[in-house]
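Participant: Here's a structure for you.
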Amino acid sequence: MSIQFANSILWPLLGIIAVPVLIHLFARPRPPVFKFSSNDLLHRIIRADSRMKKPKDLLLLIARACLFAALALVFLQPRLFLRRELAGAAQTRNVVILVDNSASMGYIEGVQTRLAMACAHASRILADLRPGDRANVVLMLAEPKGVFPGLGPNVSRLQAALRQARTTSEAADIAGAIALAADTLRDAEGERDMVIVSDFQASAWEGIDLAPPDGISMLLLPVGAEEASNQALTSVRAVPAAPIAGEDTVIVCELRNFSDRPRAATVYLEAGELRQHRAQQLAPWQTAQVAFPCTFTEPGEVLVRCSTDEDEFGSDNARLLLLDVKPHLAVGMRTSQSPGPWEKALRSLSWVRLTDPSGTDDAQWVEQDAVITTGWMPDEDRRFAACLDAGRTVVLASAGALRMPTLQRMLGIESDERAYQEVSTQRHGLRISQPDDPVFAVFADGEYGRPDAARLTRQLRMPQTWFAPEEVLMAYEDGSPALVRTRRRGGVLVLWNLTLAGENGFASRPEFVPLIGELLLTSRTPTRMPGRAIATGRRLVLDASAELATEELTLTDERGNAVPVHEGASDAGLRIVSDPIPSTGVYAWQSGGKTKARAVVNFPIVESDLRTLPREASRADGAVVVSAGADMADLRDGVDVWPHLLVLAGLCVLFEIGLLLWDAAGNLRLNAEGATAS
């Protein structure tokens, strides 16, 4: 805190404070004249007059000294600065105001959004600038941008930009916006201020360095309440992720209560012609999953839209999902026997389309949903690795035909323990290691038999330590793995170590076909759809095929508005990349008036939690926290003290009048007593 004087040349005026002191010291008192008849009355009058006059004279001296001091200081025009390091009333000011346009600023408090409050504060800061000061406004977006390329004096243009500011559905690049503001101020002459106007949402601002850059003052102006109630749909997914036409599917919507009080909500589902809704009670800060059973009878792309009740923050009340309903499950199989038990079993499943990838083209293998091998061809481990990298399912169905080094390399196992092929006529019993796994759900009522009832000669003896316990679905009585499902390289690898051949082989049992079917269905990985679903603020990407590479591709939103796109290169050929997408919705890649592909853009989950940073965290980094746009001017330009000094002078006058009236009343009382005594 410090004080500066506008008219410091008038410092000698403070000498008038000595006037009442000199008067008090050198003025001769004139005691009142009393009529008395005896010495007793005289002593009484002197004692009363002394008790009354001594404190009165001291108070009168203080009041008059304060009066003269206040009047002298009025002419000096003092200004009070609450923070000494920000005092710069006599210097040119350079101000960059960062206004948060992120999604959380769209929260409605009372009758206006947080962004409207932020723009009002920023406009007030600009209005308080003096002629010669320069300013700029940086909008905090996914890609921050300034209204001007640098600092400028056109305050009215900046205020107009603030009136036109709108929230987006994206998270802001906070660090990038601060860096842009610091670069703008770095070479400016005079005082340099960076003012951040935001709700300081904790989930977005945690970890952001708020230490002021060298030579730059940082002021933080929080807007909105520290706590805000909100409920949001944070995700929507399908189980399975890529269902087959006619398959039972569950759409799972995740609903979260971002508040400290219970809430009731209704979740609505729209998927094609399907309409459903569910009511849900949410405890404070609870996350609940709302499931909608569905069946899609026709193959094709289905747009799933989940929504919930409107509240003060409506941006996160809906979520989209593009669901690919497949006509069948594409299974590629290489077999050394034709037709063998695997081929017969797969052809009996109506939802399987069986193919035989031929040649050496790895792309034919990767296009399959699952690949099964009952033999082993040269370099097939390379193809299987490519399938796993693409998120496919690979079934090694003839474990006895595997080369051990190849098996260990595919499993990514480095161990001194070795697997070996077992040649034996001894039959071993089986046990189900994971009875709660979905692959065994179809066998729960016994209608399709019991897979663990078989007694088989095993093909391969493998160490139990190669796999985690949850990866072994079935094992032999001595613990050796019989059926393994493990995630490798982004896909699912199934190791089938059950003998099929022979009268008592597993292929002759009724459990064989349903076990294969459930194994393929439950081993599917979520469909990878690069660029099909993103959050706002990110870019949509389309890797164009050779056919599309020769056509002109455009990207449009639901209203038909074009989104700027740019061409690039990728390993697959031509890549089309859009500008950052600012709003949610369905976007279509089009060519020749036809839709070639679609993508959905959803609200970023990080913006749904509206809790704000504690004020103490901001102060700890060295920034100054202010409460309104007017406080900024008070910190920088100071507060005029002279009006308060005039009030003080008036109070001193009133106090002196009161003392004089008190003294006069005392004299009248003593005169009355003297007259009575005489």
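Residues are referred to by chain and number: the chain letter is A, B, ... according to the order shown in the structure tokens, the number counts from 1 in that chain, and ligands are numbered separately from 1 in the order shown.
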Near Lys594 (chain A), within 12 Å and counting only C-alpha atoms, which residues show up once chain neighbours fewer than 4 positions away are dropped, as a PyMOL selection string?

Facilitator: chain A and resi 548+551-556+588-590+598

Participant: Save the residues we just selected, C-alpha atoms, as a CSV table (one decimal), in the first residue's frame?

Facilitator:
```csv
chain,number,residue,atom,x,y,z
A,548,LEU,CA,-11.9,-40.4,-53.2
A,551,GLU,CA,-12.6,-36.1,-56.2
A,552,GLU,CA,-13.2,-32.8,-54.5
A,553,LEU,CA,-14.2,-33.4,-50.9
A,554,THR,CA,-16.0,-30.9,-48.7
A,555,LEU,CA,-17.1,-30.9,-45.0
A,556,THR,CA,-20.4,-29.5,-43.9
A,588,ALA,CA,-20.6,-35.0,-43.4
A,589,TRP,CA,-17.8,-35.4,-45.9
A,590,GLN,CA,-19.3,-34.9,-49.3
A,598,ARG,CA,-20.0,-38.9,-41.5
```

Participant: Among region 105-295 of chain A, which residues does DSSP mark as strand (DSSP E or B) when it is run on the backbone? Keep the chain and numbering as in the structure and answer as a PyMOL selection string.

Facilitator: chain A and resi 108-109+112-113+134-140+145-146+152+191-198+201+217-222+230-239+244+248-258+263-271+274-282+287-295

Participant: If you run DSSP on the backbone here, which positions in region 459-618 of chain A get helix (DSSP H, G or I)? Please write them as number ranges by chain.

Facilitator: A: 464-466, 469-471, 506-508, 512-522, 546-549, 605-607, 615-618

Participant: Take the selection from the previous step and output its residues with N, CA and C atoms, as a PDB file, in the first residue's frame.

Facilitator:
```pdb
ATOM      1  N   GLN A 464       1.905 -72.014 -16.822  1.00  0.00           N
ATOM      2  CA  GLN A 464       0.807 -71.186 -16.318  1.00  0.00           C
ATOM      3  C   GLN A 464       1.226 -69.724 -16.151  1.00  0.00           C
ATOM      4  N   THR A 465       2.530 -69.499 -15.960  1.00  0.00           N
ATOM      5  CA  THR A 465       3.008 -68.131 -15.705  1.00  0.00           C
ATOM      6  C   THR A 465       3.014 -67.262 -16.949  1.00  0.00           C
ATOM      7  N   TRP A 466       2.729 -67.815 -18.105  1.00  0.00           N
ATOM      8  CA  TRP A 466       2.721 -67.014 -19.328  1.00  0.00           C
ATOM      9  C   TRP A 466       1.525 -66.059 -19.377  1.00  0.00           C
ATOM     10  N   PRO A 469      -4.133 -64.673 -14.602  1.00  0.00           N
ATOM     11  CA  PRO A 469      -5.230 -65.604 -14.284  1.00  0.00           C
ATOM     12  C   PRO A 469      -6.516 -65.294 -15.040  1.00  0.00           C
ATOM     13  N   GLU A 470      -6.834 -64.007 -15.237  1.00  0.00           N
ATOM     14  CA  GLU A 470      -8.088 -63.667 -15.916  1.00  0.00           C
ATOM     15  C   GLU A 470      -8.041 -63.935 -17.411  1.00  0.00           C
ATOM     16  N   GLU A 471      -6.851 -64.193 -17.963  1.00  0.00           N
ATOM     17  CA  GLU A 471      -6.741 -64.464 -19.395  1.00  0.00           C
ATOM     18  C   GLU A 471      -7.017 -65.930 -19.728  1.00  0.00           C
ATOM     19  N   PHE A 506     -13.214 -82.554 -29.100  1.00  0.00           N
ATOM     20  CA  PHE A 506     -14.158 -81.493 -28.745  1.00  0.00           C
ATOM     21  C   PHE A 506     -15.101 -81.161 -29.906  1.00  0.00           C
ATOM     22  N   ALA A 507     -14.691 -81.440 -31.158  1.00  0.00           N
ATOM     23  CA  ALA A 507     -15.539 -81.137 -32.312  1.00  0.00           C
ATOM     24  C   ALA A 507     -16.799 -81.988 -32.334  1.00  0.00           C
ATOM     25  N   SER A 508     -16.758 -83.143 -31.654  1.00  0.00           N
ATOM     26  CA  SER A 508     -17.932 -84.019 -31.635  1.00  0.00           C
ATOM     27  C   SER A 508     -18.915 -83.653 -30.530  1.00  0.00           C
ATOM     28  N   PHE A 512     -19.307 -77.404 -29.013  1.00  0.00           N
ATOM     29  CA  PHE A 512     -18.297 -76.881 -29.926  1.00  0.00           C
ATOM     30  C   PHE A 512     -18.783 -75.645 -30.686  1.00  0.00           C
ATOM     31  N   VAL A 513     -19.904 -75.751 -31.387  1.00  0.00           N
ATOM     32  CA  VAL A 513     -20.379 -74.631 -32.212  1.00  0.00           C
ATOM     33  C   VAL A 513     -20.782 -73.432 -31.359  1.00  0.00           C
ATOM     34  N   PRO A 514     -21.588 -73.591 -30.290  1.00  0.00           N
ATOM     35  CA  PRO A 514     -21.926 -72.390 -29.497  1.00  0.00           C
ATOM     36  C   PRO A 514     -20.715 -71.750 -28.819  1.00  0.00           C
ATOM     37  N   LEU A 515     -19.709 -72.595 -28.450  1.00  0.00           N
ATOM     38  CA  LEU A 515     -18.525 -72.006 -27.824  1.00  0.00           C
ATOM     39  C   LEU A 515     -17.748 -71.162 -28.833  1.00  0.00           C
ATOM     40  N   ILE A 516     -17.646 -71.662 -30.068  1.00  0.00           N
ATOM     41  CA  ILE A 516     -16.971 -70.876 -31.105  1.00  0.00           C
ATOM     42  C   ILE A 516     -17.722 -69.566 -31.346  1.00  0.00           C
ATOM     43  N   GLY A 517     -19.059 -69.663 -31.454  1.00  0.00           N
ATOM     44  CA  GLY A 517     -19.854 -68.457 -31.701  1.00  0.00           C
ATOM     45  C   GLY A 517     -19.689 -67.425 -30.596  1.00  0.00           C
ATOM     46  N   GLU A 518     -19.795 -67.857 -29.347  1.00  0.00           N
ATOM     47  CA  GLU A 518     -19.664 -66.916 -28.232  1.00  0.00           C
ATOM     48  C   GLU A 518     -18.239 -66.377 -28.126  1.00  0.00           C
ATOM     49  N   LEU A 519     -17.279 -67.187 -28.465  1.00  0.00           N
ATOM     50  CA  LEU A 519     -15.894 -66.741 -28.413  1.00  0.00           C
ATOM     51  C   LEU A 519     -15.649 -65.626 -29.428  1.00  0.00           C
ATOM     52  N   LEU A 520     -16.189 -65.775 -30.633  1.00  0.00           N
ATOM     53  CA  LEU A 520     -16.017 -64.732 -31.645  1.00  0.00           C
ATOM     54  C   LEU A 520     -16.767 -63.455 -31.270  1.00  0.00           C
ATOM     55  N   LEU A 521     -17.979 -63.608 -30.724  1.00  0.00           N
ATOM     56  CA  LEU A 521     -18.779 -62.425 -30.389  1.00  0.00           C
ATOM     57  C   LEU A 521     -18.191 -61.648 -29.212  1.00  0.00           C
ATOM     58  N   THR A 522     -17.756 -62.364 -28.200  1.00  0.00           N
ATOM     59  CA  THR A 522     -17.258 -61.678 -26.999  1.00  0.00           C
ATOM     60  C   THR A 522     -15.821 -61.210 -27.142  1.00  0.00           C
ATOM     61  N   ALA A 546      -8.151 -44.267 -52.724  1.00  0.00           N
ATOM     62  CA  ALA A 546      -7.692 -43.911 -54.069  1.00  0.00           C
ATOM     63  C   ALA A 546      -8.835 -43.331 -54.899  1.00  0.00           C
ATOM     64  N   GLU A 547     -10.052 -43.856 -54.676  1.00  0.00           N
ATOM     65  CA  GLU A 547     -11.213 -43.356 -55.417  1.00  0.00           C
ATOM     66  C   GLU A 547     -11.547 -41.930 -55.005  1.00  0.00           C
ATOM     67  N   LEU A 548     -11.568 -41.678 -53.675  1.00  0.00           N
ATOM     68  CA  LEU A 548     -11.920 -40.351 -53.194  1.00  0.00           C
ATOM     69  C   LEU A 548     -10.815 -39.336 -53.459  1.00  0.00           C
ATOM     70  N   ALA A 549      -9.570 -39.815 -53.591  1.00  0.00           N
ATOM     71  CA  ALA A 549      -8.461 -38.891 -53.793  1.00  0.00           C
ATOM     72  C   ALA A 549      -8.584 -38.122 -55.098  1.00  0.00           C
ATOM     73  N   ILE A 605     -15.717 -33.463 -22.163  1.00  0.00           N
ATOM     74  CA  ILE A 605     -16.124 -33.809 -20.794  1.00  0.00           C
ATOM     75  C   ILE A 605     -15.483 -32.890 -19.771  1.00  0.00           C
ATOM     76  N   VAL A 606     -14.263 -32.426 -20.045  1.00  0.00           N
ATOM     77  CA  VAL A 606     -13.538 -31.616 -19.069  1.00  0.00           C
ATOM     78  C   VAL A 606     -14.269 -30.321 -18.741  1.00  0.00           C
ATOM     79  N   GLU A 607     -15.150 -29.864 -19.639  1.00  0.00           N
ATOM     80  CA  GLU A 607     -15.841 -28.595 -19.427  1.00  0.00           C
ATOM     81  C   GLU A 607     -17.113 -28.741 -18.597  1.00  0.00           C
ATOM     82  N   ARG A 615      -9.365 -19.259  -4.594  1.00  0.00           N
ATOM     83  CA  ARG A 615      -8.700 -17.973  -4.776  1.00  0.00           C
ATOM     84  C   ARG A 615      -7.267 -18.005  -4.238  1.00  0.00           C
ATOM     85  N   GLU A 616      -7.027 -18.812  -3.184  1.00  0.00           N
ATOM     86  CA  GLU A 616      -5.704 -18.853  -2.588  1.00  0.00           C
ATOM     87  C   GLU A 616      -4.678 -19.414  -3.568  1.00  0.00           C
ATOM     88  N   ALA A 617      -5.104 -20.339  -4.437  1.00  0.00           N
ATOM     89  CA  ALA A 617      -4.165 -20.920  -5.395  1.00  0.00           C
ATOM     90  C   ALA A 617      -3.649 -19.867  -6.362  1.00  0.00           C
ATOM     91  N   SER A 618      -4.505 -18.927  -6.751  1.00  0.00           N
ATOM     92  CA  SER A 618      -4.095 -17.876  -7.670  1.00  0.00           C
ATOM     93  C   SER A 618      -3.112 -16.932  -6.999  1.00  0.00           C
TER      94      SER A 618
END
```

Participant: Find the residue from A:Thr167, A:Leu456, A:Glu189, A:Leu67 that sits nearest to Gly650 (chain A); use only C-alpha atoms when measuring.

Facilitator: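 Among A:Thr167, A:Leu456, A:Glu189, A:Leu67, it is A:Leu67 that comes nearest to Gly650 (chain A).
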
Participant: Which value, in Å to one decimal, gives the distance between CA of Leu574 (chain A) and CA of Leu542 (chain A)?

Facilitator: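 So the two atoms, CA of Leu574 (chain A) and CA of Leu542 (chain A), lie 8.5 Å apart.
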